[in-house]
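*Asks:* Data file upload-v1.cif (mmCIF, C-alpha atoms) is appended below.
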data_start
#
loop_
_atom_site.group_PDB
_atom_site.id
_atom_site.type_symbol
_atom_site.label_atom_id
_atom_site.label_comp_id
_atom_site.auth_asym_id
_atom_site.auth_seq_id
_atom_site.Cartn_x
_atom_site.Cartn_y
_atom_site.Cartn_z
ATOM 1 C CA MET A 1 0.000 0.000 0.000
ATOM 2 C CA LYS A 2 1.514 3.298 -1.095
ATOM 3 C CA SER A 3 2.049 6.054 1.471
ATOM 4 C CA LEU A 4 1.662 9.732 0.686
ATOM 5 C CA HIS A 5 3.129 12.445 2.871
ATOM 6 C CA LEU A 6 0.080 14.114 4.430
ATOM 7 C CA PHE A 7 1.314 17.579 3.607
ATOM 8 C CA SER A 8 1.565 16.732 -0.112
ATOM 9 C CA PHE A 9 -1.534 14.547 -0.275
ATOM 10 C CA PHE A 10 -3.920 17.418 -0.892
ATOM 11 C CA SER A 11 -1.829 18.897 -3.717
ATOM 12 C CA TYR A 12 -1.536 15.387 -5.122
ATOM 13 C CA LEU A 13 -5.313 15.255 -5.424
ATOM 14 C CA GLU A 14 -5.549 18.833 -6.670
ATOM 15 C CA HIS A 15 -3.339 17.995 -9.639
ATOM 16 C CA GLY A 16 -5.783 15.362 -10.807
ATOM 17 C CA HIS A 17 -3.937 12.235 -9.760
ATOM 18 C CA GLY A 18 -5.848 9.163 -8.758
ATOM 19 C CA VAL A 19 -5.275 7.220 -5.559
ATOM 20 C CA GLN A 20 -4.017 3.685 -5.394
ATOM 21 C CA ARG A 21 -6.478 0.871 -5.035
ATOM 22 C CA ARG A 22 -6.161 -1.560 -2.232
ATOM 23 C CA ILE A 23 -7.794 -4.991 -2.058
ATOM 24 C CA CYS A 24 -9.502 -5.226 1.300
ATOM 25 C CA GLY A 25 -11.243 -8.095 3.050
ATOM 26 C CA PRO A 26 -12.211 -11.587 2.044
ATOM 27 C CA SER A 27 -14.663 -10.322 -0.578
ATOM 28 C CA LEU A 28 -11.779 -8.685 -2.514
ATOM 29 C CA LEU A 29 -13.725 -5.441 -2.833
ATOM 30 C CA ILE A 30 -11.734 -2.618 -4.346
ATOM 31 C CA GLN A 31 -11.638 0.392 -2.001
ATOM 32 C CA ILE A 32 -9.748 3.671 -1.910
ATOM 33 C CA MET A 33 -7.411 3.470 1.071
ATOM 34 C CA GLU A 34 -4.403 5.786 1.403
ATOM 35 C CA THR A 35 -2.056 5.906 4.343
ATOM 36 C CA LEU A 36 -1.611 9.505 5.438
ATOM 37 C CA GLU A 37 1.680 10.338 7.135
ATOM 38 C CA TRP A 38 1.882 12.752 10.052
ATOM 39 C CA GLU A 39 5.113 14.578 10.935
ATOM 40 C CA LEU A 40 4.003 15.324 14.505
ATOM 41 C CA LEU A 41 6.941 16.463 16.658
ATOM 42 C CA HIS A 42 9.443 16.173 13.811
ATOM 43 C CA ILE A 43 8.298 19.720 13.022
ATOM 44 C CA LEU A 44 10.367 20.868 16.025
ATOM 45 C CA LYS A 45 13.606 19.493 14.579
ATOM 46 C CA SER A 46 16.016 22.011 13.107
ATOM 47 C CA ASP A 47 16.437 20.003 9.896
ATOM 48 C CA ASN A 48 12.705 19.655 9.237
ATOM 49 C CA CYS A 49 11.634 21.498 6.077
ATOM 50 C CA SER A 50 7.840 21.465 6.457
ATOM 51 C CA LYS A 51 6.211 24.767 5.494
ATOM 52 C CA PHE A 52 3.785 25.683 8.243
ATOM 53 C CA ALA A 53 1.766 28.574 9.602
ATOM 54 C CA LEU A 54 2.131 29.375 13.296
ATOM 55 C CA LEU A 55 -0.968 30.607 15.123
ATOM 56 C CA ILE A 56 -0.675 32.096 18.628
ATOM 57 C CA LEU A 57 -3.752 31.547 20.811
ATOM 58 C CA ASN A 58 -4.831 33.421 23.923
ATOM 59 C CA GLN A 59 -3.108 31.450 26.654
ATOM 60 C CA PRO A 60 0.105 32.209 28.596
ATOM 61 C CA LEU A 61 3.023 32.154 26.159
ATOM 62 C CA GLU A 62 5.893 32.017 28.634
ATOM 63 C CA PRO A 63 5.532 28.259 29.349
ATOM 64 C CA GLU A 64 5.740 27.672 25.578
ATOM 65 C CA LEU A 65 8.709 29.971 25.008
ATOM 66 C CA GLU A 66 11.276 27.445 23.816
ATOM 67 C CA ILE A 67 8.855 25.787 21.418
ATOM 68 C CA PHE A 68 7.767 29.258 20.298
ATOM 69 C CA HIS A 69 11.307 30.222 19.326
ATOM 70 C CA LYS A 70 11.868 26.911 17.538
ATOM 71 C CA LEU A 71 8.744 27.422 15.458
ATOM 72 C CA TRP A 72 8.765 31.195 14.934
ATOM 73 C CA SER A 73 12.049 31.214 13.044
ATOM 74 C CA LYS A 74 10.829 28.498 10.661
ATOM 75 C CA ALA A 75 7.174 29.448 10.118
ATOM 76 C CA VAL A 76 6.316 30.732 6.629
ATOM 77 C CA TYR A 77 3.266 32.580 7.976
ATOM 78 C CA LYS A 78 2.535 33.892 11.473
ATOM 79 C CA ALA A 79 -0.781 34.901 13.013
ATOM 80 C CA CYS A 80 -2.044 36.053 16.405
ATOM 81 C CA VAL A 81 -5.582 35.531 17.612
ATOM 82 C CA ASP A 82 -7.048 38.432 19.619
ATOM 83 C CA GLY A 83 -5.699 38.091 23.185
ATOM 84 C CA GLY A 84 -2.774 36.038 21.927
ATOM 85 C CA THR A 85 -1.456 39.372 20.658
ATOM 86 C CA ASN A 86 -1.165 40.619 24.251
ATOM 87 C CA GLU A 87 0.742 37.461 25.140
ATOM 88 C CA LEU A 88 3.198 37.951 22.278
ATOM 89 C CA TYR A 89 3.737 41.603 23.175
ATOM 90 C CA ASP A 90 4.034 41.158 26.963
ATOM 91 C CA THR A 91 6.077 37.947 27.043
ATOM 92 C CA LEU A 92 8.763 38.981 24.587
ATOM 93 C CA GLY A 93 9.484 42.316 26.208
ATOM 94 C CA GLU A 94 12.398 44.052 24.474
ATOM 95 C CA GLN A 95 12.398 41.337 21.791
ATOM 96 C CA ARG A 96 8.836 42.108 20.675
ATOM 97 C CA GLY A 97 9.991 44.248 17.765
ATOM 98 C CA GLU A 98 11.887 41.248 16.364
ATOM 99 C CA HIS A 99 8.807 39.017 16.404
ATOM 100 C CA VAL A 100 6.142 40.656 14.259
ATOM 101 C CA PRO A 101 3.254 38.501 12.952
ATOM 102 C CA ASP A 102 1.835 38.697 9.444
ATOM 103 C CA ILE A 103 -1.763 39.113 10.628
ATOM 104 C CA ILE A 104 -3.728 39.704 13.813
ATOM 105 C CA THR A 105 -7.379 38.664 13.830
ATOM 106 C CA GLY A 106 -10.316 38.510 16.239
ATOM 107 C CA ASP A 107 -13.311 40.399 17.536
ATOM 108 C CA PHE A 108 -10.797 42.250 19.731
ATOM 109 C CA ASP A 109 -12.612 41.897 23.018
ATOM 110 C CA SER A 110 -9.263 40.890 24.575
ATOM 111 C CA ALA A 111 -6.426 42.543 22.637
ATOM 112 C CA ARG A 112 -5.401 45.890 24.139
ATOM 113 C CA ALA A 113 -5.622 48.998 21.968
ATOM 114 C CA ASP A 114 -1.990 50.009 22.628
ATOM 115 C CA VAL A 115 -0.787 46.553 21.623
ATOM 116 C CA LEU A 116 -2.777 46.597 18.391
ATOM 117 C CA GLN A 117 -1.422 50.066 17.614
ATOM 118 C CA PHE A 118 2.161 48.869 18.180
ATOM 119 C CA TYR A 119 1.781 46.113 15.604
ATOM 120 C CA LYS A 120 -0.210 48.306 13.229
ATOM 121 C CA ASP A 121 2.731 50.733 13.238
ATOM 122 C CA LYS A 122 4.950 47.771 12.345
ATOM 123 C CA GLY A 123 2.862 47.156 9.230
ATOM 124 C CA VAL A 124 0.934 44.130 10.534
ATOM 125 C CA GLU A 125 -2.402 43.445 8.819
ATOM 126 C CA ILE A 126 -5.151 43.674 11.457
ATOM 127 C CA ILE A 127 -8.461 42.042 10.536
ATOM 128 C CA ASN A 128 -11.627 42.426 12.611
ATOM 129 C CA THR A 129 -13.697 39.206 12.586
ATOM 130 C CA PRO A 130 -16.849 40.029 14.583
ATOM 131 C CA ASP A 131 -18.879 36.930 13.635
ATOM 132 C CA GLN A 132 -19.868 35.197 16.905
ATOM 133 C CA ASP A 133 -20.872 31.887 15.300
ATOM 134 C CA ASP A 134 -17.210 30.797 15.163
ATOM 135 C CA THR A 135 -14.407 31.132 17.690
ATOM 136 C CA ASP A 136 -11.562 33.561 17.018
ATOM 137 C CA PHE A 137 -9.330 30.523 16.423
ATOM 138 C CA THR A 138 -11.661 29.147 13.753
ATOM 139 C CA LYS A 139 -12.016 32.523 12.036
ATOM 140 C CA CYS A 140 -8.250 33.020 11.947
ATOM 141 C CA LEU A 141 -7.768 29.524 10.583
ATOM 142 C CA LYS A 142 -10.201 30.228 7.754
ATOM 143 C CA LEU A 143 -8.185 33.299 6.772
ATOM 144 C CA ILE A 144 -4.958 31.309 6.820
ATOM 145 C CA LEU A 145 -6.469 28.650 4.575
ATOM 146 C CA GLU A 146 -7.588 31.323 2.111
ATOM 147 C CA ARG A 147 -3.905 32.262 1.803
ATOM 148 C CA ARG A 148 -2.537 28.727 1.868
ATOM 149 C CA LYS A 149 -1.448 28.537 -1.768
ATOM 150 C CA MET A 150 0.080 32.014 -1.766
ATOM 151 C CA HIS A 151 2.392 31.056 1.109
ATOM 152 C CA GLN A 152 2.665 27.314 0.291
ATOM 153 C CA ILE A 153 1.353 26.400 3.736
ATOM 154 C CA GLU A 154 1.404 22.651 4.332
ATOM 155 C CA CYS A 155 0.064 22.589 7.895
ATOM 156 C CA VAL A 156 -0.985 24.870 10.732
ATOM 157 C CA ILE A 157 0.342 24.753 14.291
ATOM 158 C CA ALA A 158 -1.794 26.387 16.980
ATOM 159 C CA LEU A 159 0.431 27.170 19.957
ATOM 160 C CA SER A 160 -0.814 27.612 23.536
ATOM 161 C CA ALA A 161 -3.779 25.370 22.715
ATOM 162 C CA PHE A 162 -4.166 23.893 26.210
ATOM 163 C CA GLY A 163 -4.627 25.204 29.721
ATOM 164 C CA GLY A 164 -7.145 27.620 31.141
ATOM 165 C CA ARG A 165 -10.862 27.092 30.700
ATOM 166 C CA LEU A 166 -12.028 23.613 29.771
ATOM 167 C CA ASP A 167 -14.781 24.907 27.466
ATOM 168 C CA GLN A 168 -12.155 26.785 25.436
ATOM 169 C CA GLN A 169 -10.091 23.631 25.111
ATOM 170 C CA PHE A 170 -13.114 21.792 23.754
ATOM 171 C CA ALA A 171 -13.666 24.697 21.363
ATOM 172 C CA ASN A 172 -10.081 24.240 20.126
ATOM 173 C CA ILE A 173 -10.727 20.539 19.551
ATOM 174 C CA ASN A 174 -13.939 21.397 17.718
ATOM 175 C CA THR A 175 -11.889 23.631 15.418
ATOM 176 C CA LEU A 176 -9.965 20.513 14.331
ATOM 177 C CA PHE A 177 -13.261 19.126 13.033
ATOM 178 C CA THR A 178 -14.163 22.430 11.400
ATOM 179 C CA ALA A 179 -10.750 22.563 9.723
ATOM 180 C CA SER A 180 -11.234 19.174 8.096
ATOM 181 C CA GLN A 181 -14.414 20.454 6.417
ATOM 182 C CA LEU A 182 -12.970 23.689 5.036
ATOM 183 C CA ALA A 183 -12.036 24.086 1.393
ATOM 184 C CA GLY A 184 -8.295 23.781 0.904
ATOM 185 C CA SER A 185 -7.803 22.418 4.395
ATOM 186 C CA VAL A 186 -4.409 21.261 5.647
ATOM 187 C CA PRO A 187 -3.451 19.352 8.798
ATOM 188 C CA VAL A 188 -3.857 21.309 12.024
ATOM 189 C CA TYR A 189 -1.914 20.544 15.196
ATOM 190 C CA LEU A 190 -2.756 21.762 18.698
ATOM 191 C CA LEU A 191 0.508 22.202 20.589
ATOM 192 C CA SER A 192 1.831 23.195 23.991
ATOM 193 C CA SER A 193 5.078 22.532 25.841
ATOM 194 C CA GLN A 194 3.476 19.391 27.262
ATOM 195 C CA SER A 195 1.162 17.983 24.573
ATOM 196 C CA MET A 196 0.462 17.706 20.862
ATOM 197 C CA THR A 197 -2.941 16.747 19.475
ATOM 198 C CA CYS A 198 -4.371 16.189 16.003
ATOM 199 C CA LEU A 199 -7.509 14.685 14.491
ATOM 200 C CA LEU A 200 -7.276 11.383 12.623
ATOM 201 C CA GLN A 201 -10.180 11.018 10.231
ATOM 202 C CA LYS A 202 -11.607 7.700 9.051
ATOM 203 C CA GLY A 203 -8.893 5.753 7.216
ATOM 204 C CA CYS A 204 -5.256 4.737 7.591
ATOM 205 C CA HIS A 205 -2.569 6.839 9.242
ATOM 206 C CA ARG A 206 1.168 6.555 9.860
ATOM 207 C CA LEU A 207 2.473 8.715 12.715
ATOM 208 C CA LYS A 208 6.189 9.426 13.068
ATOM 209 C CA VAL A 209 7.250 9.027 16.700
ATOM 210 C CA ASN A 210 11.056 9.054 16.560
ATOM 211 C CA SER A 211 11.872 12.780 16.664
ATOM 212 C CA GLY A 212 13.393 12.623 20.138
ATOM 213 C CA TYR A 213 10.745 15.019 21.467
ATOM 214 C CA GLU A 214 8.188 12.333 22.309
ATOM 215 C CA GLY A 215 7.268 11.971 25.957
ATOM 216 C CA ASP A 216 6.390 8.650 27.533
ATOM 217 C CA SER A 217 2.640 8.583 26.951
ATOM 218 C CA CYS A 218 0.044 8.898 24.209
ATOM 219 C CA GLY A 219 -3.634 8.219 23.652
ATOM 220 C CA LEU A 220 -6.444 7.720 21.158
ATOM 221 C CA VAL A 221 -9.880 9.044 22.071
ATOM 222 C CA PRO A 222 -13.125 8.487 20.084
ATOM 223 C CA ILE A 223 -14.106 12.131 20.370
ATOM 224 C CA ALA A 224 -16.682 12.004 17.526
ATOM 225 C CA GLY A 225 -18.610 9.002 18.810
ATOM 226 C CA LYS A 226 -18.148 5.276 18.763
ATOM 227 C CA CYS A 227 -15.430 3.712 16.633
ATOM 228 C CA ASN A 228 -16.365 0.145 15.789
ATOM 229 C CA CYS A 229 -13.085 -1.052 14.312
ATOM 230 C CA ILE A 230 -9.646 0.288 15.241
ATOM 231 C CA SER A 231 -6.313 -1.398 14.612
ATOM 232 C CA THR A 232 -2.891 -0.066 15.608
ATOM 233 C CA THR A 233 0.769 -1.003 15.521
ATOM 234 C CA GLY A 234 3.745 0.566 17.290
ATOM 235 C CA LEU A 235 2.068 0.964 20.681
ATOM 236 C CA LYS A 236 2.724 -0.967 23.863
ATOM 237 C CA TRP A 237 -0.981 -1.805 24.032
ATOM 238 C CA ASN A 238 -2.203 -2.147 20.464
ATOM 239 C CA LEU A 239 -5.773 -2.489 19.269
ATOM 240 C CA ASP A 240 -6.805 -5.248 16.887
ATOM 241 C CA LYS A 241 -10.121 -4.427 15.196
ATOM 242 C CA GLN A 242 -11.494 -3.309 18.539
ATOM 243 C CA ALA A 243 -14.254 -0.822 19.344
ATOM 244 C CA MET A 244 -13.854 2.305 21.454
ATOM 245 C CA SER A 245 -16.361 4.755 22.897
ATOM 246 C CA PHE A 246 -16.869 6.883 25.989
ATOM 247 C CA GLY A 247 -18.294 4.803 28.796
ATOM 248 C CA GLU A 248 -16.435 1.797 27.424
ATOM 249 C CA LEU A 249 -12.849 1.396 26.203
ATOM 250 C CA ILE A 250 -10.679 4.404 25.347
ATOM 251 C CA SER A 251 -6.900 4.381 24.954
ATOM 252 C CA THR A 252 -5.157 6.667 27.454
ATOM 253 C CA SER A 253 -1.773 6.389 29.230
ATOM 254 C CA ASN A 254 -0.555 4.242 26.355
ATOM 255 C CA THR A 255 3.074 4.372 25.222
ATOM 256 C CA TRP A 256 5.446 3.269 22.471
ATOM 257 C CA ASN A 257 6.916 -0.154 21.753
ATOM 258 C CA GLY A 258 10.160 1.213 20.286
ATOM 259 C CA ASP A 259 9.128 1.366 16.621
ATOM 260 C CA SER A 260 9.761 4.582 14.706
ATOM 261 C CA ASP A 261 6.127 4.750 13.522
ATOM 262 C CA VAL A 262 2.670 4.173 14.919
ATOM 263 C CA THR A 263 -0.030 3.090 12.485
ATOM 264 C CA VAL A 264 -3.736 3.628 13.062
ATOM 265 C CA GLU A 265 -6.643 2.372 10.985
ATOM 266 C CA THR A 266 -10.063 3.566 12.104
ATOM 267 C CA ASP A 267 -13.649 3.653 10.867
ATOM 268 C CA ASN A 268 -14.410 6.970 12.612
ATOM 269 C CA SER A 269 -12.578 10.092 13.753
ATOM 270 C CA LEU A 270 -10.066 9.744 16.590
ATOM 271 C CA LEU A 271 -8.232 12.351 18.611
ATOM 272 C CA TRP A 272 -4.522 11.514 18.789
ATOM 273 C CA MET A 273 -2.612 13.003 21.714
ATOM 274 C CA MET A 274 0.973 12.643 22.868
ATOM 275 C CA ASN A 275 3.248 14.095 25.511
ATOM 276 C CA VAL A 276 6.103 16.415 24.555
ATOM 277 C CA LYS A 277 9.556 16.018 26.113
ATOM 278 C CA LEU A 278 11.998 18.926 25.961
ATOM 279 C CA GLN A 279 15.642 18.755 26.986
ATOM 280 C CA LYS A 280 16.750 20.584 30.135
ATOM 281 C CA ASP A 281 18.266 23.488 28.229
ATOM 282 C CA GLU A 282 15.016 23.794 26.293
ATOM 283 C CA CYS A 283 12.988 24.527 29.420
ATOM 284 C CA MET A 284 14.644 27.754 30.598
ATOM 285 C CA PRO A 285 12.527 30.411 32.298
ATOM 286 C CA LEU A 286 12.067 33.629 30.332
ATOM 287 C CA SER A 287 14.629 35.613 32.353
ATOM 288 C CA GLU A 288 17.368 33.037 31.693
ATOM 289 C CA TYR A 289 16.371 32.704 28.042
ATOM 290 C CA ASN A 290 16.753 36.471 27.509
ATOM 291 C CA ASN A 291 20.184 36.425 29.179
ATOM 292 C CA TRP A 292 21.237 33.420 27.098
ATOM 293 C CA SER A 293 20.041 34.876 23.793
#
Output the file's structure in the form of structure tokens.
*Replies:*
Amino acid sequence: MKSLHLFSFFSYLEHGHGVQRRICGPSLLIQIMETLEWELLHILKSDNCSKFALLILNQPLEPELEIFHKLWSKAVYKACVDGGTNELYDTLGEQRGEHVPDIITGDFDSARADVLQFYKDKGVEIINTPDQDDTDFTKCLKLILERRKMHQIECVIALSAFGGRLDQQFANINTLFTASQLAGSVPVYLLSSQSMTCLLQKGCHRLKVNSGYEGDSCGLVPIAGKCNCISTTGLKWNLDKQAMSFGELISTSNTWNGDSDVTVETDNSLLWMMNVKLQKDECMPLSEYNNWS
């Protein structure tokens, strides 16, 4: 079965190519079944060449500072969502003038006027998105996707996606579902200094778990409802055509078996989550980081 890099899969389809056929099951029915590959924490590696947009959400940025610096210097497009603009401005202090986003979006019920003026004077595009039917995160993501081809964006990383109010965290997860339905969508990762999460849609997936940044635990959660048939490899506790649903079996506190990849085949959407492990020198407090840099 042929694998396509997830970031190139969409352009592969856009250029009119077919997908490989795979013979599945005892009835030898022909089905479309591609294995989508996920970079996951390889995006943090200095030699990774993925073209991504970085989106700063409205949660404390200081705990994410080392990951922020790793990603900021490599991102091809940078966006702040409403109150995330305050976090960028306040956390970076004297370095704020060296870290200017491409756009700032939101209904601006959180971003301070002086902060918006600072970035406006720097030439940042500021877009008011007052629609209350979507979250500021979702509205910003839609704008990024509209500009995907212009900037050759292959995926989006939303930083500071966890912590704070639980309802906002569920809203962030809901945005993963919204993203999958948008025209021109690309993979979206929710990231913090402790966790990375993405949405695996129905089908086959290969997840790269040998970046060196993987923590010691991971999980698969049937967030969209019952999954009747899930199979995995590469985990300590694998699933073999098993069902998962809330109130029954879900896979949490799982871990790796030493393979470089984890494979997942599912008949319904699953939320993949994994711990992030940074080295000691990658966990400096802000004051030490500023002295070091």
*Asks:* For CA of Thr138 in chain A and CA of Val76 in chain A, determine how far apart the two atoms are, in Å to one decimal place.
*Replies:* 19.4 Å
*Asks:* What is the distance between CA of Asp216 in chain A and CA of Thr255 in chain A, in Å to one decimal?
*Replies:*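 Separation of CA of Asp216 in chain A and CA of Thr255 in chain A: 5.9 Å.
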*Asks:* Considering all atoms listed in the file, state which residue in the set A:Leu278, A:Leu92, A:Leu54, A:Leu40 is at the smallest distance from Ala161 in chain A.
*Replies:*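 The closest residue to Ala161 in chain A is A:Leu54.
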*Asks:* Go ahead and compute the interatomic distance for CA of Ile173 in chain A and CA of Ala53 in chain A, in Å to one decimal.
*Replies:*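 If I compute the distance from CA of Ile173 in chain A to CA of Ala53 in chain A, I get 17.9 Å.
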*Asks:* Name the residues that the PyMOL selection byres ((chain A and resi 49) around 12) picks from the file above, as a PyMOL selection string, using the file's chain letters and numbers.
*Replies:* chain A and resi 7+39+42-48+50-52+71+73-76+153-155
*Asks:* A:Ser251, A:Thr197, A:Ser269, A:Asn58: which is nearest Lys226 in chain A, counting all atoms listed in the file?
*Replies:* A:Ser269
*Asks:* Apply the PyMOL selection byres ((chain A and resi 256) around 7) to the structure shown and report the selected residues as a short mmCIF file (atom, residue, chain, number, x, y, z; two decimals) with C-alpha atoms, in the frame of the given file.
*Replies:*
data_model
loop_
_atom_site.label_atom_id
_atom_site.label_comp_id
_atom_site.auth_asym_id
_atom_site.auth_seq_id
_atom_site.Cartn_x
_atom_site.Cartn_y
_atom_site.Cartn_z
CA GLY A 234 3.74 0.57 17.29
CA LEU A 235 2.07 0.96 20.68
CA LYS A 236 2.72 -0.97 23.86
CA THR A 255 3.07 4.37 25.22
CA ASN A 257 6.92 -0.15 21.75
CA GLY A 258 10.16 1.21 20.29
#
